[in-house]
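**Q** Mind having a look at this structure? Questions to follow.
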Amino acid sequence: ELYLPQQKTTIPFSSYEAGKLLEGNGNPTAPDYNSLADYSFSTNGVVELRLPWLLIRAKNPSQKEFIGDIYTDGQTASKFVEDIYIGTLFVDKEGKVTDSFPAIDEGKLEKLEAFTWENWDEVQSVERLKKSYYIIQELFKTTD
């Protein structure tokens, strides 16, 4: 809980599991598209993963800058990296590990592969209209 002394109010504790990923289809042209999807499995065994930069503590991904040790260096702490390493654990509803990538060997993930990217100064993007655009467009056509 959080006590606000000026208001003399206590706000009850609440939490949100920020690391829980949602399975779904991130392809906007697919009939089962879900814009909130974080990962998907393809029929050829590929896992597509979409993570928000801040979830992995990226401050400025264009320059490979991540949040540093704020306890030692304060709120503006930064750390620059060359690579990041990702592994996955698949767990069932009881929390038991059912699979992993890379494989688990003697209780530890085997060597993770490095992922790196080129620094950038300008974001490259492709604009697209969401489905809701056309719904709003029709609504405004009927409104006087």
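Going by the structure tokens order, chains are called A, B, ..., each with residues numbered from 1, while ligands are numbered from 1 in the order shown.
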Write out as a Markdown table a residue-level contact list of range 40-72 of chain A versus range 122-125 of chain A with cut-off 12 Å: for each qualifying residue the closest pair of atoms and the distance in Å to one decimal, counting only C-alpha atoms, rows sorted by chain and residue number upward.
**A**
| residue | atom | partner | partner_atom | distance |
| --- | --- | --- | --- | --- |
| A:Pro61 | CA | A:Val123 | CA | 11.0 |
| A:Ser62 | CA | A:Val123 | CA | 8.5 |
| A:Gln63 | CA | A:Glu122 | CA | 11.2 |
**Q** Quick one: everything within 12 Å of Asn25 in chain A, counting only C-alpha atoms, minus sequence neighbours fewer than 2 positions away in the same chain. Send it as a PDB file with all heavy atoms, in the first residue's frame.
**A**
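Output contents, as saved in out-v6.pdb:
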ATOM      1  N   LEU A  22       1.560 -12.179 -24.026  1.00  0.00           N
ATOM      2  CA  LEU A  22       0.310 -12.614 -24.642  1.00  0.00           C
ATOM      3  C   LEU A  22       0.590 -13.269 -25.985  1.00  0.00           C
ATOM      4  O   LEU A  22       1.234 -12.668 -26.857  1.00  0.00           O
ATOM      5  CB  LEU A  22      -0.618 -11.407 -24.832  1.00  0.00           C
ATOM      6  CG  LEU A  22      -1.943 -11.679 -25.520  1.00  0.00           C
ATOM      7  CD1 LEU A  22      -2.828 -12.558 -24.638  1.00  0.00           C
ATOM      8  CD2 LEU A  22      -2.645 -10.365 -25.822  1.00  0.00           C
ATOM      9  N   GLU A  23       0.120 -14.493 -26.151  1.00  0.00           N
ATOM     10  CA  GLU A  23       0.270 -15.184 -27.428  1.00  0.00           C
ATOM     11  C   GLU A  23      -0.782 -14.667 -28.398  1.00  0.00           C
ATOM     12  O   GLU A  23      -1.918 -14.403 -28.030  1.00  0.00           O
ATOM     13  CB  GLU A  23       0.098 -16.694 -27.260  1.00  0.00           C
ATOM     14  CG  GLU A  23       0.297 -17.457 -28.554  1.00  0.00           C
ATOM     15  CD  GLU A  23       0.149 -18.959 -28.404  1.00  0.00           C
ATOM     16  OE1 GLU A  23      -0.100 -19.435 -27.299  1.00  0.00           O
ATOM     17  OE2 GLU A  23       0.278 -19.655 -29.423  1.00  0.00           O
ATOM     18  N   ASN A  27       0.380 -10.064 -37.162  1.00  0.00           N
ATOM     19  CA  ASN A  27       0.308  -9.659 -38.575  1.00  0.00           C
ATOM     20  C   ASN A  27      -0.996  -8.909 -38.817  1.00  0.00           C
ATOM     21  O   ASN A  27      -2.076  -9.490 -38.769  1.00  0.00           O
ATOM     22  CB  ASN A  27       0.385 -10.897 -39.464  1.00  0.00           C
ATOM     23  CG  ASN A  27       0.293 -10.554 -40.937  1.00  0.00           C
ATOM     24  OD1 ASN A  27       0.085  -9.411 -41.316  1.00  0.00           O
ATOM     25  ND2 ASN A  27       0.432 -11.570 -41.766  1.00  0.00           N
ATOM     26  N   PRO A  28      -0.926  -7.585 -39.105  1.00  0.00           N
ATOM     27  CA  PRO A  28      -2.152  -6.798 -39.264  1.00  0.00           C
ATOM     28  C   PRO A  28      -3.052  -7.248 -40.401  1.00  0.00           C
ATOM     29  O   PRO A  28      -4.237  -6.917 -40.428  1.00  0.00           O
ATOM     30  CB  PRO A  28      -1.651  -5.378 -39.522  1.00  0.00           C
ATOM     31  CG  PRO A  28      -0.194  -5.389 -39.372  1.00  0.00           C
ATOM     32  CD  PRO A  28       0.274  -6.795 -39.251  1.00  0.00           C
ATOM     33  N   THR A  29      -2.539  -8.020 -41.353  1.00  0.00           N
ATOM     34  CA  THR A  29      -3.382  -8.468 -42.464  1.00  0.00           C
ATOM     35  C   THR A  29      -4.060  -9.800 -42.172  1.00  0.00           C
ATOM     36  O   THR A  29      -4.887 -10.253 -42.966  1.00  0.00           O
ATOM     37  CB  THR A  29      -2.552  -8.595 -43.760  1.00  0.00           C
ATOM     38  OG1 THR A  29      -1.521  -9.565 -43.560  1.00  0.00           O
ATOM     39  CG2 THR A  29      -1.926  -7.257 -44.138  1.00  0.00           C
ATOM     40  N   ALA A  30      -3.724 -10.436 -41.059  1.00  0.00           N
ATOM     41  CA  ALA A  30      -4.311 -11.737 -40.722  1.00  0.00           C
ATOM     42  C   ALA A  30      -5.691 -11.558 -40.101  1.00  0.00           C
ATOM     43  O   ALA A  30      -5.938 -10.591 -39.379  1.00  0.00           O
ATOM     44  CB  ALA A  30      -3.398 -12.484 -39.750  1.00  0.00           C
ATOM     45  N   PRO A  31      -6.606 -12.498 -40.355  1.00  0.00           N
ATOM     46  CA  PRO A  31      -7.956 -12.378 -39.786  1.00  0.00           C
ATOM     47  C   PRO A  31      -7.967 -12.480 -38.258  1.00  0.00           C
ATOM     48  O   PRO A  31      -8.838 -11.907 -37.616  1.00  0.00           O
ATOM     49  CB  PRO A  31      -8.738 -13.535 -40.414  1.00  0.00           C
ATOM     50  CG  PRO A  31      -7.742 -14.386 -41.120  1.00  0.00           C
ATOM     51  CD  PRO A  31      -6.462 -13.626 -41.244  1.00  0.00           C
ATOM     52  N   ASP A  32      -6.993 -13.189 -37.677  1.00  0.00           N
ATOM     53  CA  ASP A  32      -6.945 -13.319 -36.220  1.00  0.00           C
ATOM     54  C   ASP A  32      -5.920 -12.371 -35.594  1.00  0.00           C
ATOM     55  O   ASP A  32      -5.404 -12.615 -34.507  1.00  0.00           O
ATOM     56  CB  ASP A  32      -6.647 -14.759 -35.811  1.00  0.00           C
ATOM     57  CG  ASP A  32      -5.307 -15.263 -36.325  1.00  0.00           C
ATOM     58  OD1 ASP A  32      -4.774 -14.659 -37.282  1.00  0.00           O
ATOM     59  OD2 ASP A  32      -4.801 -16.247 -35.774  1.00  0.00           O
ATOM     60  N   TYR A  33      -5.654 -11.238 -36.244  1.00  0.00           N
ATOM     61  CA  TYR A  33      -4.684 -10.244 -35.786  1.00  0.00           C
ATOM     62  C   TYR A  33      -5.042  -9.738 -34.392  1.00  0.00           C
ATOM     63  O   TYR A  33      -6.191  -9.464 -34.088  1.00  0.00           O
ATOM     64  CB  TYR A  33      -4.643  -9.081 -36.776  1.00  0.00           C
ATOM     65  CG  TYR A  33      -3.909  -7.865 -36.299  1.00  0.00           C
ATOM     66  CD1 TYR A  33      -2.542  -7.898 -36.084  1.00  0.00           C
ATOM     67  CD2 TYR A  33      -4.574  -6.668 -36.066  1.00  0.00           C
ATOM     68  CE1 TYR A  33      -1.849  -6.767 -35.660  1.00  0.00           C
ATOM     69  CE2 TYR A  33      -3.897  -5.540 -35.646  1.00  0.00           C
ATOM     70  CZ  TYR A  33      -2.539  -5.599 -35.440  1.00  0.00           C
ATOM     71  OH  TYR A  33      -1.867  -4.482 -35.014  1.00  0.00           O
ATOM     72  N   ASN A  34      -4.018  -9.584 -33.555  1.00  0.00           N
ATOM     73  CA  ASN A  34      -4.184  -8.996 -32.230  1.00  0.00           C
ATOM     74  C   ASN A  34      -3.036  -8.019 -32.022  1.00  0.00           C
ATOM     75  O   ASN A  34      -1.880  -8.422 -31.903  1.00  0.00           O
ATOM     76  CB  ASN A  34      -4.170 -10.084 -31.146  1.00  0.00           C
ATOM     77  CG  ASN A  34      -4.384  -9.517 -29.758  1.00  0.00           C
ATOM     78  OD1 ASN A  34      -4.345  -8.312 -29.554  1.00  0.00           O
ATOM     79  ND2 ASN A  34      -4.613 -10.391 -28.812  1.00  0.00           N
ATOM     80  N   SER A  35      -3.342  -6.726 -31.964  1.00  0.00           N
ATOM     81  CA  SER A  35      -2.301  -5.707 -31.833  1.00  0.00           C
ATOM     82  C   SER A  35      -1.567  -5.786 -30.498  1.00  0.00           C
ATOM     83  O   SER A  35      -0.509  -5.189 -30.344  1.00  0.00           O
ATOM     84  CB  SER A  35      -2.894  -4.310 -32.011  1.00  0.00           C
ATOM     85  OG  SER A  35      -3.803  -4.024 -30.961  1.00  0.00           O
ATOM     86  N   LEU A  36      -2.117  -6.504 -29.537  1.00  0.00           N
ATOM     87  CA  LEU A  36      -1.476  -6.637 -28.230  1.00  0.00           C
ATOM     88  C   LEU A  36      -0.585  -7.872 -28.125  1.00  0.00           C
ATOM     89  O   LEU A  36       0.042  -8.100 -27.092  1.00  0.00           O
ATOM     90  CB  LEU A  36      -2.541  -6.685 -27.129  1.00  0.00           C
ATOM     91  CG  LEU A  36      -3.470  -5.469 -27.059  1.00  0.00           C
ATOM     92  CD1 LEU A  36      -4.532  -5.682 -25.997  1.00  0.00           C
ATOM     93  CD2 LEU A  36      -2.695  -4.202 -26.816  1.00  0.00           C
ATOM     94  N   ALA A  37      -0.521  -8.678 -29.183  1.00  0.00           N
ATOM     95  CA  ALA A  37       0.246  -9.927 -29.142  1.00  0.00           C
ATOM     96  C   ALA A  37       1.734  -9.658 -28.921  1.00  0.00           C
ATOM     97  O   ALA A  37       2.302  -8.747 -29.506  1.00  0.00           O
ATOM     98  CB  ALA A  37       0.049 -10.709 -30.429  1.00  0.00           C
ATOM     99  N   ASP A  38       2.337 -10.473 -28.051  1.00  0.00           N
ATOM    100  CA  ASP A  38       3.771 -10.367 -27.762  1.00  0.00           C
ATOM    101  C   ASP A  38       4.572 -11.469 -28.440  1.00  0.00           C
ATOM    102  O   ASP A  38       5.749 -11.301 -28.708  1.00  0.00           O
ATOM    103  CB  ASP A  38       4.015 -10.460 -26.257  1.00  0.00           C
ATOM    104  CG  ASP A  38       3.372  -9.319 -25.493  1.00  0.00           C
ATOM    105  OD1 ASP A  38       3.609  -8.157 -25.869  1.00  0.00           O
ATOM    106  OD2 ASP A  38       2.625  -9.586 -24.539  1.00  0.00           O
ATOM    107  N   TYR A  39       3.944 -12.623 -28.666  1.00  0.00           N
ATOM    108  CA  TYR A  39       4.676 -13.723 -29.293  1.00  0.00           C
ATOM    109  C   TYR A  39       3.727 -14.611 -30.065  1.00  0.00           C
ATOM    110  O   TYR A  39       2.513 -14.612 -29.839  1.00  0.00           O
ATOM    111  CB  TYR A  39       5.455 -14.549 -28.257  1.00  0.00           C
ATOM    112  CG  TYR A  39       4.587 -15.410 -27.372  1.00  0.00           C
ATOM    113  CD1 TYR A  39       4.381 -16.751 -27.673  1.00  0.00           C
ATOM    114  CD2 TYR A  39       3.986 -14.898 -26.237  1.00  0.00           C
ATOM    115  CE1 TYR A  39       3.594 -17.551 -26.863  1.00  0.00           C
ATOM    116  CE2 TYR A  39       3.200 -15.690 -25.419  1.00  0.00           C
ATOM    117  CZ  TYR A  39       3.011 -17.011 -25.734  1.00  0.00           C
ATOM    118  OH  TYR A  39       2.223 -17.800 -24.930  1.00  0.00           O
ATOM    119  N   SER A  40       4.319 -15.358 -31.013  1.00  0.00           N
ATOM    120  CA  SER A  40       3.540 -16.336 -31.762  1.00  0.00           C
ATOM    121  C   SER A  40       4.459 -17.472 -32.180  1.00  0.00           C
ATOM    122  O   SER A  40       5.676 -17.308 -32.255  1.00  0.00           O
ATOM    123  CB  SER A  40       2.892 -15.698 -32.992  1.00  0.00           C
ATOM    124  OG  SER A  40       3.891 -15.258 -33.891  1.00  0.00           O
ATOM    125  N   PHE A  41       3.857 -18.614 -32.430  1.00  0.00           N
ATOM    126  CA  PHE A  41       4.571 -19.790 -32.931  1.00  0.00           C
ATOM    127  C   PHE A  41       4.139 -20.023 -34.371  1.00  0.00           C
ATOM    128  O   PHE A  41       2.958 -19.971 -34.669  1.00  0.00           O
ATOM    129  CB  PHE A  41       4.202 -21.050 -32.132  1.00  0.00           C
ATOM    130  CG  PHE A  41       4.580 -20.987 -30.689  1.00  0.00           C
ATOM    131  CD1 PHE A  41       3.641 -20.696 -29.715  1.00  0.00           C
ATOM    132  CD2 PHE A  41       5.891 -21.229 -30.292  1.00  0.00           C
ATOM    133  CE1 PHE A  41       3.992 -20.640 -28.383  1.00  0.00           C
ATOM    134  CE2 PHE A  41       6.250 -21.179 -28.958  1.00  0.00           C
ATOM    135  CZ  PHE A  41       5.292 -20.885 -28.005  1.00  0.00           C
ATOM    136  N   SER A  42       5.081 -20.274 -35.245  1.00  0.00           N
ATOM    137  CA  SER A  42       4.720 -20.599 -36.623  1.00  0.00           C
ATOM    138  C   SER A  42       4.717 -22.112 -36.790  1.00  0.00           C
ATOM    139  O   SER A  42       5.260 -22.847 -35.969  1.00  0.00           O
ATOM    140  CB  SER A  42       5.699 -19.953 -37.610  1.00  0.00           C
ATOM    141  OG  SER A  42       6.954 -20.575 -37.514  1.00  0.00           O
ATOM    142  N   VAL A  47       9.616 -19.049 -33.377  1.00  0.00           N
ATOM    143  CA  VAL A  47       8.925 -18.247 -32.373  1.00  0.00           C
ATOM    144  C   VAL A  47       9.209 -16.794 -32.692  1.00  0.00           C
ATOM    145  O   VAL A  47      10.364 -16.383 -32.795  1.00  0.00           O
ATOM    146  CB  VAL A  47       9.427 -18.572 -30.943  1.00  0.00           C
ATOM    147  CG1 VAL A  47       8.748 -17.673 -29.924  1.00  0.00           C
ATOM    148  CG2 VAL A  47       9.206 -20.030 -30.613  1.00  0.00           C
ATOM    149  N   GLU A  48       8.150 -16.010 -32.889  1.00  0.00           N
ATOM    150  CA  GLU A  48       8.297 -14.577 -33.116  1.00  0.00           C
ATOM    151  C   GLU A  48       7.992 -13.883 -31.811  1.00  0.00           C
ATOM    152  O   GLU A  48       6.944 -14.094 -31.208  1.00  0.00           O
ATOM    153  CB  GLU A  48       7.339 -14.102 -34.204  1.00  0.00           C
ATOM    154  CG  GLU A  48       7.496 -12.638 -34.516  1.00  0.00           C
ATOM    155  CD  GLU A  48       6.575 -12.186 -35.637  1.00  0.00           C
ATOM    156  OE1 GLU A  48       6.266 -12.990 -36.530  1.00  0.00           O
ATOM    157  OE2 GLU A  48       6.178 -11.013 -35.609  1.00  0.00           O
ATOM    158  N   LEU A  49       8.913 -13.046 -31.367  1.00  0.00           N
ATOM    159  CA  LEU A  49       8.801 -12.385 -30.074  1.00  0.00           C
ATOM    160  C   LEU A  49       8.832 -10.879 -30.269  1.00  0.00           C
ATOM    161  O   LEU A  49       9.676 -10.353 -30.993  1.00  0.00           O
ATOM    162  CB  LEU A  49       9.983 -12.823 -29.199  1.00  0.00           C
ATOM    163  CG  LEU A  49      10.033 -12.380 -27.768  1.00  0.00           C
ATOM    164  CD1 LEU A  49       8.822 -12.921 -26.996  1.00  0.00           C
ATOM    165  CD2 LEU A  49      11.309 -12.910 -27.123  1.00  0.00           C
ATOM    166  N   ARG A  50       7.896 -10.189 -29.641  1.00  0.00           N
ATOM    167  CA  ARG A  50       7.808  -8.738 -29.745  1.00  0.00           C
ATOM    168  C   ARG A  50       7.791  -8.177 -28.330  1.00  0.00           C
ATOM    169  O   ARG A  50       6.817  -8.337 -27.597  1.00  0.00           O
ATOM    170  CB  ARG A  50       6.515  -8.394 -30.486  1.00  0.00           C
ATOM    171  CG  ARG A  50       6.229  -6.953 -30.611  1.00  0.00           C
ATOM    172  CD  ARG A  50       4.904  -6.778 -31.334  1.00  0.00           C
ATOM    173  NE  ARG A  50       4.283  -5.567 -30.858  1.00  0.00           N
ATOM    174  CZ  ARG A  50       3.021  -5.275 -31.017  1.00  0.00           C
ATOM    175  NH1 ARG A  50       2.220  -6.116 -31.608  1.00  0.00           N
ATOM    176  NH2 ARG A  50       2.537  -4.156 -30.574  1.00  0.00           N
TER     177      ARG A  50
END
**Q** Could you please determine the separation between CA of Ile56 in chain A and CA of Asp105 in chain A in Å, to one decimal place?
**A** 24.8 Å
**Q** So how many Å separate CA of Gly26 in chain A and CA of Ser100 in chain A, to one decimal?
**A**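 Pair CA of Gly26 in chain A / CA of Ser100 in chain A returns 22.3 Å.
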**Q** Out of range 85-118 of chain A, which residues get strand (DSSP E or B) from DSSP, as an MDAnalysis selection string?
**A** chainID A and resid 85 88:91 97:101 104:105 108:109 114:115
**Q** Let's see if you can do this: from backbone DSSP, list all alpha helix (DSSP H) residues in range 47-129 of chain A, as a ChimeraX atom specification.
**A** /A:70-73
**Q** With only C-alpha atoms as the atoms that count, which of A:Ala58, A:Leu139, A:Val46, A:Val91 lies nearest to Ala77 in chain A?
**A**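 Result for the nearest residue to Ala77 in chain A: A:Ala58.
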**Q** Just checking: using only C-alpha atoms, which residue out of A:Ser132, A:Thr143, A:Leu55, A:Glu138 ends up closest to Glu17 in chain A?
**A**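 Of the candidates, the smallest distance to Glu17 in chain A is held by A:Leu55.
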**Q** Between range 14-104 of chain A and range 108-115 of chain A, at 7 Å or less, what are the per-residue closest atom pairs and their distances in Å? Count only C-alpha atoms, order by chain and rising residue number, and return it as JSON lines.
**A**
{"residue": "A:Asp83", "atom": "CA", "partner": "A:Phe115", "partner_atom": "CA", "distance": 5.4}
{"residue": "A:Ile84", "atom": "CA", "partner": "A:Phe115", "partner_atom": "CA", "distance": 5.3}
{"residue": "A:Tyr85", "atom": "CA", "partner": "A:Ala114", "partner_atom": "CA", "distance": 4.9}
{"residue": "A:Ile86", "atom": "CA", "partner": "A:Leu112", "partner_atom": "CA", "distance": 6.5}
{"residue": "A:Gly87", "atom": "CA", "partner": "A:Leu112", "partner_atom": "CA", "distance": 6.4}
{"residue": "A:Pro102", "atom": "CA", "partner": "A:Glu110", "partner_atom": "CA", "distance": 5.8}
{"residue": "A:Ala103", "atom": "CA", "partner": "A:Leu109", "partner_atom": "CA", "distance": 5.9}
{"residue": "A:Ile104", "atom": "CA", "partner": "A:Leu109", "partner_atom": "CA", "distance": 4.4}
**Q** Tell me, as an NGL selection string, which residues lie within 10 Å of range 12-14 of chain A, counting only C-alpha atoms; anything in the same chain fewer than 6 positions away does not count.
**A** :A and (1-3)
**Q** Please measure the separation of CA of Phe80 in chain A and CA of Lys59 in chain A, giving the value in Å to one decimal.
**A** 9.7 Å
